[in-house]
Amino acid sequence: MKEKRAIDFSAYKPGTIKRRIDLRLLDTGMPDCNAYYRHLSADPAEIDLLLNALTINVSRFFRNPLVFEILKEQILPTLIDTSPPGGLRIWCAGCARGEEAYSIAILLKEISPAVAATVPAFILATDIDRSALTFAASASYRDEALTEVKKAVLEKYFIAENNGYRLTEEIRSMVTFAWHDLATSQPPKEGIFSNYHLILCRNTLIYFKPELGERTMEFLSGVLADGGCLVLGEAEAVPSRLHRDLREAIPRTRIFRKEVA
Ligand SMILES: C[S@@+](CC[C@H](N)C(=O)[O-])C[C@H]1O[C@@H](n2cnc3c(N)ncnc32)[C@H](O)[C@@H]1O
């Protein structure tokens, strides 16, 4: 993968990598890793299928609805009130097929259309998987991704189409998608270099070995504005050496606020 797709999985948890390779062995009917390696070397299409298996794009709109409720009722209104004239800068890192970034765009519209019109928001959504980003840009989703979407929201921001729903242009235009590898601890070129008011990085660091996970979290804390929030996945935690900088804004929500220096 490093050679063919410039993605280095060596600092990912080996157990996850092995389970995903095993799935490809099953799918291709290869008896063992050596046979699979020969198949992989001979068929470039298999490289993308393996990449797809390794990146695990599972997501859905408003995944963990309580987190989105708190973002809507408490976190975003505070960030909007204190936002600088340039508006809010939001980054979804490990955005999969865009569900999370578009959920935030919908929240901003739902909080108050008037506020949304006066406080600009730049939402950058990045991922390492180019096929997921292409999917995200198309903004068409099947029912599985929409199970947590309330009927009123579905009717307001989605258009029914043959096999599911497509987001309205109003919401699509609020999100910029770009390729970015979090493991490099470099900010995405498409964004600004620091001072994000809200960063969502959920269910992505969980696949990294602890050392890379901690390094990445430190980097994310560094590009967060003072008073800004980092949202992690349910099974992800801030390492103890960062507890002084990042405090859980509301207990057990995995929403951490960066302390004002
Ligand atoms: C399970 S999804 C999480 C999606 C969404 N954040 C959520 O919580 O529903 C994990 C995503 O992280 C992406 N990913 C994995 N390693 C990455 C890396 N080094 N840089 C950026 N994205 C990465 C995968 O491609 C995948 O789309």
# chains A, B, ... in the order shown; residues from 1 in each chain; ligands from 1
>>> residues_near_ligand(ligand="ligand 1", cutoff="6 Å", atoms="only C-alpha atoms and all ligand atoms", output="PyMOL selection string")
chain A and resi 55-60+94-96+100+127-129+180-183+201-204
>>> write_last_selection(atoms="N, CA and C atoms", output="tab-separated table (two decimals), in the first residue's frame")
chain	number	residue	atom	x	y	z
A	55	THR	N	-9.67	0.54	5.00
A	55	THR	CA	-10.03	1.87	5.51
A	55	THR	C	-11.34	1.89	6.31
A	56	ILE	N	-12.20	0.92	6.14
A	56	ILE	CA	-13.42	0.79	6.97
A	56	ILE	C	-14.22	2.10	7.00
A	57	ASN	N	-15.04	2.29	5.97
A	57	ASN	CA	-15.76	3.57	5.84
A	57	ASN	C	-17.12	3.60	6.54
A	58	VAL	N	-17.33	2.70	7.49
A	58	VAL	CA	-18.66	2.64	8.13
A	58	VAL	C	-18.98	3.97	8.81
A	59	SER	N	-20.13	4.52	8.50
A	59	SER	CA	-20.58	5.74	9.17
A	59	SER	C	-22.07	5.89	8.90
A	60	ARG	N	-22.69	6.88	9.50
A	60	ARG	CA	-24.07	7.22	9.16
A	60	ARG	C	-24.34	8.63	9.65
A	94	GLY	N	-11.18	12.12	8.87
A	94	GLY	CA	-11.66	10.73	8.77
A	94	GLY	C	-13.16	10.77	8.54
A	95	CYS	N	-13.55	11.46	7.45
A	95	CYS	CA	-14.98	11.77	7.25
A	95	CYS	C	-15.74	10.65	6.54
A	96	ALA	N	-15.05	9.59	6.14
A	96	ALA	CA	-15.66	8.48	5.41
A	96	ALA	C	-16.42	9.02	4.19
A	100	GLU	N	-20.88	12.53	8.39
A	100	GLU	CA	-20.68	13.33	9.60
A	100	GLU	C	-20.59	14.83	9.25
A	127	ASP	N	-10.32	12.66	4.22
A	127	ASP	CA	-10.18	11.22	4.42
A	127	ASP	C	-9.00	10.73	3.58
A	128	ILE	N	-8.53	9.54	3.94
A	128	ILE	CA	-7.41	8.95	3.23
A	128	ILE	C	-7.90	8.12	2.03
A	129	ASP	N	-9.19	7.83	2.00
A	129	ASP	CA	-9.75	6.94	0.99
A	129	ASP	C	-10.43	7.76	-0.12
A	180	HIS	N	-6.56	13.70	2.68
A	180	HIS	CA	-5.55	14.06	3.70
A	180	HIS	C	-5.26	12.84	4.56
A	181	ASP	N	-3.97	12.67	4.87
A	181	ASP	CA	-3.55	11.54	5.72
A	181	ASP	C	-3.25	12.08	7.12
A	182	LEU	N	-4.12	11.72	8.06
A	182	LEU	CA	-3.96	12.18	9.45
A	182	LEU	C	-2.65	11.73	10.07
A	183	ALA	N	-2.17	10.58	9.63
A	183	ALA	CA	-0.98	10.00	10.25
A	183	ALA	C	0.28	10.84	10.02
A	201	CYS	N	-13.06	13.99	15.02
A	201	CYS	CA	-12.19	12.91	14.56
A	201	CYS	C	-12.67	11.66	15.29
A	202	ARG	N	-13.71	11.08	14.76
A	202	ARG	CA	-14.39	10.00	15.48
A	202	ARG	C	-14.19	8.66	14.78
A	203	ASN	N	-13.90	7.66	15.59
A	203	ASN	CA	-13.81	6.28	15.09
A	203	ASN	C	-12.77	6.12	13.99
A	204	THR	N	-11.70	6.85	14.09
A	204	THR	CA	-10.58	6.76	13.14
A	204	THR	C	-9.30	6.44	13.90
>>> atom_distance(atom1="CA of Ala132 in chain A", atom2="CA of Tyr207 in chain A")
17.2 Å
>>> closest_residue(among="A:Leu246, A:Thr118, A:Ser185, A:Ser41", to="Leu212 in chain A", atoms="only C-alpha atoms")
A:Ser185
>>> select_by_dssp(residues="range 176-225 of chain A", states="helix (DSSP H, G or I)", output="JSON, numbers by chain")
{"A": [182, 183, 184, 205, 206, 207, 210, 211, 212, 213, 214, 215, 216, 217, 218, 219, 220, 221, 222]}
>>> residues_around(residues="Lys150 in chain A", least_positions_apart="4", cutoff="12 Å", atoms="only C-alpha atoms", output="ChimeraX atom specification")
/A:61-62,65,103,106,146,154-158
>>> select_by_dssp(residues="range 3-146 of chain A", states="strand (DSSP E or B)", output="PyMOL selection string")
chain A and resi 12+88-93+121-127+140-141
>>> residues_around(residues="Ile255 in chain A", least_positions_apart="4", cutoff="10 Å", atoms="only C-alpha atoms", output="list of chain:residue names")
A:Val67, A:Ile70, A:Leu71, A:Ile75, A:Leu198, A:Ile199, A:Leu200, A:Cys229, A:Leu230, A:Val231, A:Leu232, A:Gly233, A:Glu234, A:Leu246, A:Arg247, A:Glu248, A:Ala249, A:Ile250, A:Pro251
>>> closest_residue(among="A:Ala178, A:Ala11, A:Leu79, A:Leu49", to="Thr28 in chain A", atoms="only C-alpha atoms")
A:Leu49
>>> residues_around(residues="range 159-170 of chain A", least_positions_apart="3", cutoff="6 Å", atoms="only C-alpha atoms", output="list of chain:residue names")
A:Ala139, A:Ser140, A:Tyr141, A:Arg142, A:Ser173
>>> write_last_selection(atoms="C-alpha atoms", output="PDB file, in the first residue's frame")
ATOM      1  CA  ALA A 139     -24.066  13.094  -1.749  1.00  0.00           C
ATOM      2  CA  SER A 140     -26.410  10.192  -2.569  1.00  0.00           C
ATOM      3  CA  TYR A 141     -27.183   7.837   0.273  1.00  0.00           C
ATOM      4  CA  ARG A 142     -29.061   4.605   0.847  1.00  0.00           C
ATOM      5  CA  SER A 173     -22.248  23.519  -0.935  1.00  0.00           C
TER       6      SER A 173
END
>>> decode(residues="range 69-112 of chain A", atoms="C-alpha atoms", output="PDB file, in the first residue's frame")
ATOM      1  CA  GLU A  69     -27.883  16.924  20.221  1.00  0.00           C
ATOM      2  CA  ILE A  70     -25.235  18.406  22.532  1.00  0.00           C
ATOM      3  CA  LEU A  71     -23.416  19.981  19.601  1.00  0.00           C
ATOM      4  CA  LYS A  72     -26.662  21.593  18.474  1.00  0.00           C
ATOM      5  CA  GLU A  73     -27.928  22.741  21.878  1.00  0.00           C
ATOM      6  CA  GLN A  74     -24.697  23.737  23.622  1.00  0.00           C
ATOM      7  CA  ILE A  75     -21.426  23.552  21.758  1.00  0.00           C
ATOM      8  CA  LEU A  76     -22.251  25.163  18.399  1.00  0.00           C
ATOM      9  CA  PRO A  77     -24.286  28.076  19.866  1.00  0.00           C
ATOM     10  CA  THR A  78     -21.341  28.935  22.159  1.00  0.00           C
ATOM     11  CA  LEU A  79     -18.847  28.652  19.300  1.00  0.00           C
ATOM     12  CA  ILE A  80     -21.078  30.833  17.106  1.00  0.00           C
ATOM     13  CA  ASP A  81     -21.397  33.476  19.868  1.00  0.00           C
ATOM     14  CA  THR A  82     -17.643  33.678  20.291  1.00  0.00           C
ATOM     15  CA  SER A  83     -16.639  33.178  16.667  1.00  0.00           C
ATOM     16  CA  PRO A  84     -14.311  35.718  15.046  1.00  0.00           C
ATOM     17  CA  PRO A  85     -15.512  37.877  12.122  1.00  0.00           C
ATOM     18  CA  GLY A  86     -14.163  35.315   9.629  1.00  0.00           C
ATOM     19  CA  GLY A  87     -16.683  32.752  10.931  1.00  0.00           C
ATOM     20  CA  LEU A  88     -16.408  29.190  12.174  1.00  0.00           C
ATOM     21  CA  ARG A  89     -13.763  26.750  10.982  1.00  0.00           C
ATOM     22  CA  ILE A  90     -14.775  23.120  11.292  1.00  0.00           C
ATOM     23  CA  TRP A  91     -12.750  20.054  10.315  1.00  0.00           C
ATOM     24  CA  CYS A  92     -14.070  16.489  10.029  1.00  0.00           C
ATOM     25  CA  ALA A  93     -10.967  14.292   9.934  1.00  0.00           C
ATOM     26  CA  GLY A  94     -11.657  10.727   8.772  1.00  0.00           C
ATOM     27  CA  CYS A  95     -14.984  11.774   7.250  1.00  0.00           C
ATOM     28  CA  ALA A  96     -15.662   8.479   5.406  1.00  0.00           C
ATOM     29  CA  ARG A  97     -18.450   9.099   2.872  1.00  0.00           C
ATOM     30  CA  GLY A  98     -19.346  12.533   4.210  1.00  0.00           C
ATOM     31  CA  GLU A  99     -22.192  11.598   6.561  1.00  0.00           C
ATOM     32  CA  GLU A 100     -20.684  13.334   9.601  1.00  0.00           C
ATOM     33  CA  ALA A 101     -19.672  16.546   7.807  1.00  0.00           C
ATOM     34  CA  TYR A 102     -23.082  16.907   6.189  1.00  0.00           C
ATOM     35  CA  SER A 103     -24.731  16.233   9.583  1.00  0.00           C
ATOM     36  CA  ILE A 104     -22.823  19.231  10.978  1.00  0.00           C
ATOM     37  CA  ALA A 105     -23.890  21.364   7.989  1.00  0.00           C
ATOM     38  CA  ILE A 106     -27.522  20.402   8.674  1.00  0.00           C
ATOM     39  CA  LEU A 107     -27.109  21.261  12.384  1.00  0.00           C
ATOM     40  CA  LEU A 108     -25.820  24.714  11.499  1.00  0.00           C
ATOM     41  CA  LYS A 109     -28.879  25.321   9.329  1.00  0.00           C
ATOM     42  CA  GLU A 110     -31.180  23.935  12.013  1.00  0.00           C
ATOM     43  CA  ILE A 111     -29.748  26.033  14.863  1.00  0.00           C
ATOM     44  CA  SER A 112     -30.967  29.180  13.199  1.00  0.00           C
TER      45      SER A 112
END
